[in-house]
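Note: the block below is data.tsv and it holds TSV, C-alpha atoms.
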```
chain	number	residue	atom	x	y	z
A	121	MET	CA	113.43	135.25	131.66
A	122	ALA	CA	109.79	136.26	131.03
A	123	ASN	CA	110.39	139.91	130.11
A	124	ASP	CA	113.75	139.70	128.31
A	125	PRO	CA	113.55	141.56	125.01
A	126	GLN	CA	113.47	139.32	121.97
A	127	TYR	CA	116.78	139.05	120.18
A	128	ILE	CA	117.27	139.74	116.50
A	129	VAL	CA	120.36	139.26	114.33
A	130	ILE	CA	120.73	141.55	111.31
A	131	VAL	CA	122.98	140.41	108.45
A	132	GLU	CA	123.71	143.38	106.16
A	133	ASP	CA	126.88	144.52	104.39
A	134	SER	CA	125.80	148.14	103.98
A	135	PRO	CA	126.71	150.00	107.21
A	136	THR	CA	124.04	152.67	106.59
A	137	GLN	CA	121.24	150.19	106.15
A	138	ALA	CA	122.45	148.07	109.07
A	139	VAL	CA	122.38	151.08	111.39
A	140	GLN	CA	118.93	152.10	110.12
A	141	MET	CA	117.48	148.65	110.81
A	142	GLN	CA	119.20	148.35	114.18
A	143	LEU	CA	117.81	151.69	115.34
A	144	LEU	CA	114.29	150.85	114.16
A	145	LEU	CA	114.31	147.51	115.96
A	146	GLU	CA	115.91	148.79	119.18
A	147	GLU	CA	113.36	151.62	119.35
A	148	ALA	CA	110.66	148.97	119.12
A	149	GLY	CA	112.16	147.21	122.14
A	150	TYR	CA	114.21	144.43	120.55
A	151	ARG	CA	117.81	143.51	121.35
A	152	VAL	CA	119.88	143.53	118.16
A	153	SER	CA	123.27	142.33	116.93
A	154	ALA	CA	124.61	142.83	113.42
A	155	ALA	CA	126.94	140.94	111.09
A	156	THR	CA	128.40	142.38	107.89
A	157	ASP	CA	128.43	139.26	105.70
A	158	GLY	CA	126.64	135.95	105.36
A	159	ARG	CA	129.38	133.78	106.85
A	160	SER	CA	129.78	135.82	110.05
A	161	GLY	CA	125.98	136.14	110.19
A	162	LEU	CA	125.65	132.37	110.23
A	163	ASP	CA	128.35	132.12	112.93
A	164	LEU	CA	126.45	134.66	115.05
A	165	VAL	CA	123.16	132.78	114.63
A	166	GLU	CA	124.78	129.49	115.62
A	167	ALA	CA	126.51	131.02	118.64
A	168	GLU	CA	123.74	133.18	120.02
A	169	SER	CA	120.39	131.54	119.14
A	170	PRO	CA	118.40	134.65	118.19
A	171	ASP	CA	114.61	134.70	117.99
A	172	LEU	CA	114.65	135.97	114.40
A	173	VAL	CA	117.10	136.86	111.59
A	174	VAL	CA	116.88	139.75	109.12
A	175	THR	CA	119.22	139.33	106.17
A	176	ASP	CA	120.10	141.11	102.96
A	177	LEU	CA	120.00	139.06	99.76
A	178	ILE	CA	123.21	140.10	98.08
A	179	MET	CA	126.22	139.81	100.37
A	180	PRO	CA	129.82	138.62	100.29
A	181	GLU	CA	130.92	135.22	101.65
A	182	LEU	CA	127.45	133.68	101.82
A	183	ASN	CA	124.49	135.29	100.08
A	184	GLY	CA	121.01	135.63	101.57
A	185	LEU	CA	119.62	132.62	99.68
A	186	GLU	CA	122.37	130.36	100.94
A	187	LEU	CA	121.99	131.75	104.47
A	188	VAL	CA	118.25	131.02	104.44
A	189	GLU	CA	118.83	127.44	103.30
A	190	THR	CA	121.53	126.77	105.86
A	191	VAL	CA	119.57	128.29	108.73
A	192	LYS	CA	116.40	126.38	107.80
A	193	SER	CA	118.27	123.09	107.65
A	194	GLN	CA	119.82	123.60	111.09
A	195	LEU	CA	117.13	125.65	112.86
A	196	PRO	CA	113.84	125.03	111.04
A	197	ASN	CA	111.80	127.03	113.56
A	198	LEU	CA	113.91	130.20	113.33
A	199	PRO	CA	112.14	132.80	111.17
A	200	VAL	CA	114.28	134.55	108.55
A	201	ILE	CA	113.21	137.81	106.87
A	202	LEU	CA	114.90	138.97	103.67
A	203	THR	CA	115.41	142.57	102.72
A	204	THR	CA	115.33	143.03	98.97
A	205	ALA	CA	116.46	145.73	96.63
A	206	GLN	CA	114.24	146.71	93.72
A	207	GLY	CA	114.44	144.22	90.85
A	208	SER	CA	115.24	141.21	93.01
A	209	GLU	CA	111.65	140.06	93.45
A	210	ASP	CA	112.31	136.77	91.60
A	211	THR	CA	115.15	135.96	93.96
A	212	ALA	CA	112.95	136.90	96.92
A	213	ALA	CA	110.28	134.48	95.67
A	214	GLU	CA	112.94	131.79	95.39
A	215	ALA	CA	114.06	132.50	98.94
A	216	LEU	CA	110.49	132.14	100.19
A	217	ARG	CA	110.33	128.75	98.50
A	218	ARG	CA	113.56	127.77	100.24
A	219	GLY	CA	112.16	128.66	103.64
A	220	ALA	CA	112.37	132.40	104.29
A	221	ALA	CA	109.39	133.52	106.37
A	222	SER	CA	108.89	136.84	104.65
A	223	TYR	CA	110.60	139.65	102.80
A	224	VAL	CA	110.64	143.43	103.16
A	225	PRO	CA	111.62	145.65	100.22
A	226	LYS	CA	114.41	148.01	101.22
A	227	LYS	CA	112.46	151.04	100.09
A	228	SER	CA	109.83	150.33	102.75
A	229	ILE	CA	112.09	149.27	105.63
A	230	ALA	CA	111.06	152.26	107.76
A	231	LEU	CA	107.36	151.37	107.46
A	232	ASP	CA	107.31	147.60	107.25
A	233	LEU	CA	110.28	146.08	109.06
A	234	VAL	CA	109.03	146.37	112.64
A	235	PRO	CA	105.42	145.21	111.93
A	236	THR	CA	106.75	142.23	109.93
A	237	VAL	CA	109.14	141.24	112.70
A	238	SER	CA	106.41	141.61	115.31
A	239	ARG	CA	103.94	139.49	113.32
A	240	LEU	CA	106.43	136.68	112.69
A	241	LEU	CA	107.57	136.53	116.30
A	242	ALA	CA	103.94	136.32	117.48
A	243	LEU	CA	103.26	133.53	114.99
A	244	ASN	CA	106.35	131.65	116.08
A	245	GLU	CA	105.32	131.91	119.73
A	246	ALA	CA	101.84	130.60	118.91
A	247	GLN	CA	103.37	127.62	117.12
A	248	ARG	CA	105.70	126.94	120.03
A	249	VAL	CA	102.77	126.87	122.45
A	250	GLU	CA	100.83	124.55	120.16
A	251	SER	CA	103.79	122.16	120.01
A	252	ALA	CA	104.03	122.16	123.81
A	253	VAL	CA	100.45	120.90	124.26
A	254	ALA	CA	100.38	118.61	121.21
A	255	GLU	CA	101.25	115.49	123.22
A	256	PHE	CA	97.98	115.89	125.14
A	257	LEU	CA	95.85	116.03	122.00
A	258	THR	CA	93.76	112.88	121.46
A	259	ASP	CA	91.33	113.63	118.62
A	260	VAL	CA	91.01	116.13	115.83
A	261	GLU	CA	88.05	116.61	113.53
A	262	LYS	CA	88.02	119.26	110.85
A	263	ARG	CA	86.13	120.11	107.70
A	264	PHE	CA	87.43	122.20	104.81
A	265	CYS	CA	85.46	123.62	101.91
A	266	LEU	CA	87.81	124.49	99.07
A	267	ARG	CA	87.48	126.34	95.82
A	268	ASN	CA	89.04	124.70	92.73
A	269	ASP	CA	92.46	126.23	92.99
A	270	ASP	CA	95.16	123.59	92.90
A	271	VAL	CA	97.62	126.07	94.43
A	272	LEU	CA	95.78	125.36	97.72
A	273	VAL	CA	96.60	121.67	97.52
A	274	PRO	CA	100.21	121.66	98.80
A	275	GLN	CA	99.25	124.04	101.62
A	276	LEU	CA	96.35	121.87	102.78
A	277	VAL	CA	98.42	118.70	102.42
A	278	ARG	CA	101.15	120.25	104.55
A	279	HIS	CA	98.59	121.20	107.21
A	280	LEU	CA	97.01	117.74	107.26
A	281	LYS	CA	100.41	116.06	107.35
A	282	GLU	CA	101.28	118.14	110.42
A	283	GLN	CA	98.03	117.07	112.12
A	284	VAL	CA	98.88	113.42	111.55
A	285	GLN	CA	102.49	114.01	112.62
A	286	GLN	CA	101.24	115.55	115.89
A	287	MET	CA	99.37	112.32	116.65
A	288	ALA	CA	102.58	110.34	116.00
A	289	ILE	CA	100.73	107.49	114.30
A	290	CYS	CA	103.38	106.80	111.68
A	291	GLY	CA	106.95	107.51	110.65
A	292	GLU	CA	108.34	109.91	108.07
A	293	ARG	CA	108.14	107.43	105.19
A	294	GLU	CA	104.43	106.76	105.80
A	295	LEU	CA	103.81	110.50	106.22
A	296	LEU	CA	105.25	111.17	102.77
A	297	GLN	CA	103.08	108.41	101.35
A	298	LEU	CA	100.02	109.89	103.06
A	299	ALA	CA	100.88	113.33	101.70
A	300	THR	CA	101.15	111.94	98.17
A	301	ALA	CA	97.79	110.18	98.46
A	302	LEU	CA	96.11	113.34	99.75
A	303	ASP	CA	97.70	115.43	97.01
A	304	GLU	CA	96.49	113.06	94.30
A	305	ALA	CA	92.97	112.83	95.74
A	306	LEU	CA	92.59	116.60	96.08
A	307	VAL	CA	93.83	117.30	92.55
A	308	ASN	CA	91.52	114.57	91.23
A	309	ALA	CA	88.56	116.12	93.03
A	310	MET	CA	89.26	119.66	91.86
A	311	ILE	CA	90.48	119.20	88.32
A	312	HIS	CA	88.91	115.93	87.12
A	313	GLY	CA	85.87	115.99	89.43
A	314	ASN	CA	84.66	119.57	89.67
A	315	LEU	CA	86.23	121.10	86.57
A	316	GLU	CA	85.76	117.91	84.48
A	317	VAL	CA	89.16	118.28	82.83
A	318	SER	CA	90.42	114.97	81.53
A	319	SER	CA	93.94	113.84	82.38
A	320	LYS	CA	94.30	112.80	78.71
A	321	LEU	CA	94.72	116.51	77.93
A	322	ARG	CA	98.11	116.37	79.66
A	323	GLU	CA	99.34	114.68	76.48
A	324	VAL	CA	98.32	117.62	74.29
A	325	ASP	CA	100.82	120.41	73.62
A	326	ASN	CA	103.00	119.55	76.62
A	327	GLY	CA	100.05	119.82	79.01
A	328	ARG	CA	99.27	123.42	78.09
A	329	GLU	CA	95.75	122.51	76.93
A	330	TYR	CA	95.11	120.79	80.30
A	331	ARG	CA	96.17	123.92	82.22
A	332	ARG	CA	94.35	126.26	79.85
A	333	LEU	CA	91.03	124.41	80.17
A	334	ALA	CA	91.36	124.19	83.97
A	335	ALA	CA	92.02	127.94	84.17
A	336	GLN	CA	89.05	128.67	81.90
A	337	ARG	CA	86.63	126.45	83.81
A	338	ARG	CA	87.60	127.91	87.17
A	339	LYS	CA	85.77	131.05	86.04
A	340	GLN	CA	82.98	129.36	84.12
A	341	SER	CA	79.57	128.24	85.33
A	342	PRO	CA	78.66	125.61	86.50
A	343	PHE	CA	82.22	124.48	87.27
A	344	SER	CA	83.22	127.57	89.21
A	345	GLN	CA	80.43	127.14	91.76
A	346	ARG	CA	81.52	123.65	92.74
A	347	SER	CA	83.52	123.07	95.90
A	348	VAL	CA	85.65	120.29	97.31
A	349	TYR	CA	84.79	119.16	100.84
A	350	VAL	CA	87.44	117.55	102.99
A	351	ASP	CA	86.45	115.89	106.27
A	352	VAL	CA	89.32	114.95	108.52
A	353	ARG	CA	89.33	112.70	111.56
A	354	VAL	CA	92.64	111.97	113.25
A	355	ASN	CA	93.28	110.23	116.54
A	356	ARG	CA	96.09	108.11	118.00
A	357	ASN	CA	94.96	105.05	116.03
A	358	LEU	CA	94.13	106.30	112.59
A	359	ALA	CA	93.78	109.18	110.18
A	360	GLU	CA	90.68	109.22	108.00
A	361	PHE	CA	90.07	111.62	105.11
A	362	VAL	CA	86.85	111.91	103.14
A	363	ILE	CA	87.16	114.05	100.02
A	364	ARG	CA	84.05	114.88	98.04
A	365	ASP	CA	83.65	116.94	94.89
A	366	GLU	CA	80.46	118.21	93.28
A	367	GLY	CA	81.12	116.87	89.82
A	368	PRO	CA	79.34	114.05	88.00
A	369	GLY	CA	81.52	111.32	89.53
A	370	PHE	CA	83.26	108.42	87.81
A	371	ASP	CA	83.56	104.66	88.01
A	372	PRO	CA	86.92	103.78	89.63
A	373	LYS	CA	86.73	100.36	87.97
A	374	SER	CA	86.80	102.03	84.57
A	375	ILE	CA	90.33	103.37	85.14
A	376	PRO	CA	92.84	101.16	83.33
A	377	ASP	CA	95.57	99.57	85.42
A	378	PRO	CA	98.56	101.89	84.90
A	379	THR	CA	101.03	99.15	85.87
A	380	ASP	CA	99.89	97.01	82.94
A	381	PRO	CA	102.60	97.29	80.26
A	382	ALA	CA	99.90	98.13	77.73
A	383	ASN	CA	98.97	101.25	79.71
A	384	ILE	CA	102.30	102.29	81.07
A	385	GLN	CA	102.75	105.26	78.76
A	386	LYS	CA	99.22	106.59	79.37
A	387	VAL	CA	98.73	109.49	81.78
A	388	SER	CA	95.57	108.38	83.58
A	389	GLY	CA	95.17	106.07	86.53
A	390	ARG	CA	98.49	106.70	88.28
A	391	GLY	CA	97.06	108.94	90.97
A	392	LEU	CA	94.50	106.36	92.01
A	393	MET	CA	97.13	103.61	91.96
A	394	LEU	CA	99.32	105.61	94.34
A	395	ILE	CA	96.36	106.29	96.63
A	396	ASN	CA	95.47	102.59	96.74
A	397	THR	CA	99.08	101.63	97.40
A	398	PHE	CA	99.91	104.22	100.01
A	399	MET	CA	96.73	104.21	102.11
A	400	ASP	CA	95.64	101.24	104.22
A	401	GLN	CA	91.99	101.42	103.17
A	402	VAL	CA	90.35	103.21	100.25
A	403	SER	CA	86.68	103.25	99.23
A	404	HIS	CA	84.45	105.26	96.90
A	405	ASN	CA	80.79	106.16	97.14
A	406	HIS	CA	78.39	104.80	94.54
A	407	LYS	CA	78.42	107.95	92.41
A	408	GLY	CA	82.22	108.09	92.36
A	409	ASN	CA	82.55	111.68	93.59
A	410	GLU	CA	83.65	110.84	97.12
A	411	ILE	CA	86.72	108.95	98.28
A	412	THR	CA	87.43	107.78	101.83
A	413	MET	CA	91.07	107.08	102.70
A	414	VAL	CA	92.37	105.65	105.95
A	415	LYS	CA	95.90	105.42	107.29
A	416	ARG	CA	96.25	103.33	110.44
A	417	ALA	CA	98.80	103.79	113.15
A	418	THR	CA	101.90	101.72	112.45
A	419	GLY	CA	101.61	98.59	114.54
A	420	VAL	CA	97.79	98.78	114.75
B	56	MET	CA	120.11	134.34	86.91
B	57	SER	CA	120.14	131.17	84.77
B	58	GLN	CA	117.03	130.50	82.67
B	59	TYR	CA	116.95	127.07	84.30
B	60	GLN	CA	116.16	127.86	87.92
B	61	ARG	CA	114.65	124.49	88.76
B	62	PHE	CA	117.77	122.46	87.98
B	63	ASN	CA	121.53	122.50	87.49
B	64	TYR	CA	123.25	120.64	84.70
B	65	GLU	CA	126.66	119.62	83.44
B	66	VAL	CA	128.14	117.28	80.88
B	67	LEU	CA	130.24	114.39	82.22
B	68	ASP	CA	131.88	111.91	79.84
B	69	GLY	CA	129.49	112.93	77.10
B	70	VAL	CA	126.43	112.45	79.31
B	71	THR	CA	124.24	115.46	80.08
B	72	VAL	CA	123.39	115.28	83.78
B	73	ILE	CA	120.42	117.28	85.04
B	74	ARG	CA	119.95	117.73	88.79
B	75	PRO	CA	116.60	119.22	89.94
B	76	VAL	CA	117.13	121.45	92.99
B	77	ASP	CA	113.75	121.44	94.76
B	78	LYS	CA	113.16	119.05	97.66
B	79	GLU	CA	109.41	119.04	97.32
B	80	LEU	CA	107.80	119.10	93.93
B	81	SER	CA	104.22	119.10	95.21
B	82	ASP	CA	103.85	122.81	94.44
B	83	LEU	CA	102.08	122.91	91.07
B	84	VAL	CA	103.76	126.17	90.09
B	85	LEU	CA	107.16	124.52	90.63
B	86	GLN	CA	106.04	121.45	88.70
B	87	ASP	CA	104.98	123.57	85.74
B	88	GLU	CA	108.23	125.55	85.85
B	89	LEU	CA	110.32	122.39	85.99
B	90	HIS	CA	108.41	120.89	83.08
B	91	GLU	CA	108.68	124.02	80.92
B	92	GLN	CA	112.38	124.43	81.70
B	93	LEU	CA	113.13	120.77	80.95
B	94	MET	CA	111.35	121.05	77.61
B	95	ALA	CA	113.19	124.28	76.79
B	96	PHE	CA	116.49	122.63	77.71
B	97	LEU	CA	115.81	119.63	75.48
B	98	GLU	CA	114.91	121.95	72.62
B	99	ALA	CA	118.07	124.03	73.08
B	100	GLU	CA	120.66	121.39	73.95
B	101	LYS	CA	119.29	118.25	72.25
B	102	PRO	CA	121.21	115.82	74.49
B	103	ASP	CA	121.54	112.31	73.07
B	104	LYS	CA	122.57	110.90	76.44
B	105	LEU	CA	120.50	112.33	79.27
B	106	LEU	CA	120.65	111.45	82.96
B	107	ILE	CA	118.42	112.96	85.60
B	108	ASN	CA	119.82	112.79	89.10
B	109	PHE	CA	116.78	112.94	91.34
B	110	GLY	CA	118.74	112.92	94.60
B	111	ALA	CA	117.48	116.30	95.85
B	112	VAL	CA	113.83	115.44	95.33
B	113	GLU	CA	112.30	113.96	98.48
B	114	TYR	CA	108.69	114.06	97.41
B	115	CYS	CA	106.90	114.04	94.10
B	116	THR	CA	103.50	113.27	92.65
B	117	THR	CA	102.14	111.96	89.36
B	118	GLY	CA	102.43	115.45	87.86
B	119	ILE	CA	106.20	115.14	87.96
B	120	ILE	CA	106.16	111.53	86.85
B	121	ASN	CA	104.12	112.53	83.80
B	122	SER	CA	106.70	115.23	83.10
B	123	LEU	CA	109.54	112.67	83.28
B	124	LEU	CA	107.64	110.47	80.84
B	125	SER	CA	107.39	113.44	78.45
B	126	VAL	CA	111.13	114.03	78.76
B	127	LYS	CA	111.88	110.40	78.02
B	128	LYS	CA	109.53	110.40	75.03
B	129	ARG	CA	111.22	113.50	73.61
B	130	VAL	CA	114.75	112.13	74.05
B	131	VAL	CA	113.93	108.70	72.67
B	132	ALA	CA	112.12	110.24	69.68
B	133	LYS	CA	115.47	111.77	68.68
B	134	GLU	CA	117.11	108.34	69.19
B	135	GLY	CA	118.71	109.38	72.44
B	136	GLN	CA	119.00	107.54	75.75
B	137	PHE	CA	117.36	108.63	79.02
B	138	LYS	CA	118.17	107.27	82.48
B	139	MET	CA	117.70	108.26	86.11
B	140	CYS	CA	119.66	107.86	89.30
B	141	ASN	CA	119.74	108.51	93.02
B	142	LEU	CA	116.04	108.19	93.76
B	143	THR	CA	115.09	108.86	97.37
B	144	GLU	CA	113.14	106.25	99.31
B	145	HIS	CA	109.76	107.90	98.77
B	146	VAL	CA	110.26	108.39	95.04
B	147	HIS	CA	111.38	104.74	94.83
B	148	ASP	CA	108.13	103.76	96.58
B	149	ALA	CA	106.09	105.71	94.02
B	150	PHE	CA	108.02	104.28	91.04
B	151	LYS	CA	107.65	100.76	92.43
B	152	ALA	CA	103.90	101.20	93.01
B	153	LEU	CA	103.50	102.32	89.41
B	154	ASN	CA	105.78	99.63	87.95
B	155	LEU	CA	107.99	102.28	86.38
B	156	GLU	CA	111.42	101.21	87.59
B	157	GLY	CA	113.18	98.84	85.25
B	158	THR	CA	110.28	98.99	82.78
B	159	VAL	CA	109.82	102.57	81.64
B	160	PHE	CA	112.78	104.12	83.49
B	161	GLU	CA	116.26	102.70	83.85
B	162	VAL	CA	117.28	103.67	87.36
B	163	PHE	CA	120.73	103.51	88.93
B	164	ALA	CA	121.95	103.96	92.47
B	165	ASP	CA	124.27	106.88	91.70
B	166	GLU	CA	125.67	109.08	88.94
B	167	ALA	CA	128.89	107.14	88.46
B	168	GLU	CA	127.07	103.87	87.86
B	169	ALA	CA	124.55	105.53	85.57
B	170	ILE	CA	127.20	107.34	83.48
B	171	ALA	CA	129.22	104.13	83.13
B	172	SER	CA	126.15	102.37	81.73
B	173	TYR	CA	126.08	104.70	78.71
B	174	GLN	CA	129.53	103.55	77.53
```

Hey, can you dump this file as structure tokens for me?
Amino acid sequence: MANDPQYIVIVEDSPTQAVQMQLLLEEAGYRVSAATDGRSGLDLVEAESPDLVVTDLIMPELNGLELVETVKSQLPNLPVILTTAQGSEDTAAEALRRGAASYVPKKSIALDLVPTVSRLLALNEAQRVESAVAEFLTDVEKRFCLRNDDVLVPQLVRHLKEQVQQMAICGERELLQLATALDEALVNAMIHGNLEVSSKLREVDNGREYRRLAAQRRKQSPFSQRSVYVDVRVNRNLAEFVIRDEGPGFDPKSIPDPTDPANIQKVSGRGLMLINTFMDQVSHNHKGNEITMVKRATGV
Amino acid sequence: MSQYQRFNYEVLDGVTVIRPVDKELSDLVLQDELHEQLMAFLEAEKPDKLLINFGAVEYCTTGIINSLLSVKKRVVAKEGQFKMCNLTEHVHDAFKALNLEGTVFEVFADEAEAIASYQ
């Protein structure tokens, strides 16, 4: 029904903290149920289909990390918030990697729990609406201008993969291949293109010199002023990505064939080989600082 | 918490089996952590028979492949043996594209088959 309050399950083995959270959420207008351990929390989630879960990290039967993983595997769209005691920030970070939507330190439950819940539910609703109209989408064109931070790469790749997935032009296997090609092209553009850090440095001191030089050049002129431009065009027949850096460029023909036994132990060339294998069409501009990659709809 | 957060390990029939836990190794922070922890493990445990079960890893890039090559180099330099097993379809695709399977890496379908091959 349109005005039914949203339903939240709390999983918390401390009765005091469970009552505190339940009162806060009910005062904010939510309907709340509580479980006292991870196992019964999971049973409650499976039986009652809440809109959101708030769970403690350390609990008997099934801990918060395990609960997050299990919920995400069965109900990937259900947001899970972790409450964390002081000193468990590393575990909270691990839980975020495993799929938790957010975490709220226990010391700030009174201030932060309700706004966090509200924000995540609004985000979830927006995503649900977007999914509902996705089948009517015919074309997408986007441009991104990125700084040289390779931490952005997996996030952008995930976003672009979702755009292609929405157009349903290929299956999961091809999507993973596309994601790999995008990842390799973006890292090439940022690190080798803009920051001019050679992949040969990966062989020095376990790759530490490679990372050190990249970190240094991110803050150093002229490298730090360079951007990576990503133009995206996706429709029901193809996905095209043009990635351009502002570095000096390179000659793709100068990269040794990494599949040649003579080169197999070298670190360079593999990214480009994967791009060429996984995309249906790949081309470079004359200067070598722009790559165009195309994935066609399966069957086209 | 274990110092090796990016993988589990155990010794079976004299073979040290490492099992990375992350599904997606595209995150560069995770890649670096996995690499550092693998190197620390090799330094501490010095396995002469090492098997990496890649079954949990659904997606990886050349960053991880380079790391695996470093692991192999380190093990072989101490006259050890390094093998892999349980590659997912996508990782198989990447290894095949790069001519790594059967050339640089000995790859088996599962742990049992891989462990038997060390005997």

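Atom pair CA of Leu241 (chain A) / CA of Gln126 (chain A): separated by 8.6 Å.
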
Return the neighbours of chain B among the residues of chain A, cut-off 10 Å, counting all atoms listed in the file, as a tab-separated table (two decimals) with C-alpha atoms, in the coordinates of the input.
```tsv
chain	number	residue	atom	x	y	z
A	210	ASP	CA	112.31	136.77	91.60
A	211	THR	CA	115.15	135.96	93.96
A	214	GLU	CA	112.94	131.79	95.39
A	217	ARG	CA	110.33	128.75	98.50
A	218	ARG	CA	113.56	127.77	100.24
A	270	ASP	CA	95.16	123.59	92.90
A	271	VAL	CA	97.62	126.07	94.43
A	272	LEU	CA	95.78	125.36	97.72
A	273	VAL	CA	96.60	121.67	97.52
A	274	PRO	CA	100.21	121.66	98.80
A	275	GLN	CA	99.25	124.04	101.62
A	277	VAL	CA	98.42	118.70	102.42
A	278	ARG	CA	101.15	120.25	104.55
A	292	GLU	CA	108.34	109.91	108.07
A	293	ARG	CA	108.14	107.43	105.19
A	294	GLU	CA	104.43	106.76	105.80
A	295	LEU	CA	103.81	110.50	106.22
A	296	LEU	CA	105.25	111.17	102.77
A	297	GLN	CA	103.08	108.41	101.35
A	299	ALA	CA	100.88	113.33	101.70
A	300	THR	CA	101.15	111.94	98.17
A	301	ALA	CA	97.79	110.18	98.46
A	303	ASP	CA	97.70	115.43	97.01
A	304	GLU	CA	96.49	113.06	94.30
A	307	VAL	CA	93.83	117.30	92.55
A	322	ARG	CA	98.11	116.37	79.66
A	323	GLU	CA	99.34	114.68	76.48
A	326	ASN	CA	103.00	119.55	76.62
A	327	GLY	CA	100.05	119.82	79.01
A	328	ARG	CA	99.27	123.42	78.09
A	331	ARG	CA	96.17	123.92	82.22
A	377	ASP	CA	95.57	99.57	85.42
A	378	PRO	CA	98.56	101.89	84.90
A	379	THR	CA	101.03	99.15	85.87
A	380	ASP	CA	99.89	97.01	82.94
A	381	PRO	CA	102.60	97.29	80.26
A	384	ILE	CA	102.30	102.29	81.07
A	385	GLN	CA	102.75	105.26	78.76
A	386	LYS	CA	99.22	106.59	79.37
A	387	VAL	CA	98.73	109.49	81.78
A	388	SER	CA	95.57	108.38	83.58
A	389	GLY	CA	95.17	106.07	86.53
A	390	ARG	CA	98.49	106.70	88.28
A	391	GLY	CA	97.06	108.94	90.97
A	392	LEU	CA	94.50	106.36	92.01
A	393	MET	CA	97.13	103.61	91.96
A	394	LEU	CA	99.32	105.61	94.34
A	395	ILE	CA	96.36	106.29	96.63
A	396	ASN	CA	95.47	102.59	96.74
A	397	THR	CA	99.08	101.63	97.40
A	398	PHE	CA	99.91	104.22	100.01
```

| Separation of CA of Val139 (chain A) from CA of Ala215 (chain A) in Å | 23.9 Å

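For Val402 (chain A), the set of protein, DNA and RNA residues having any atom at most 8 Å away, when counting all atoms listed in the file and skipping those fewer than 2 positions along the same chain, is A:Ile395, A:Asn396, A:Met399, A:Asp400, A:His404, A:Ile411, A:Thr412, A:Met413, A:Val414.
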
| What separation in Å, quoted to one decimal, exists between CA of Val188 (chain A) and CA of Ile128 (chain A)? |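 Between CA of Val188 (chain A) and CA of Ile128 (chain A) the gap works out to 14.9 Å.
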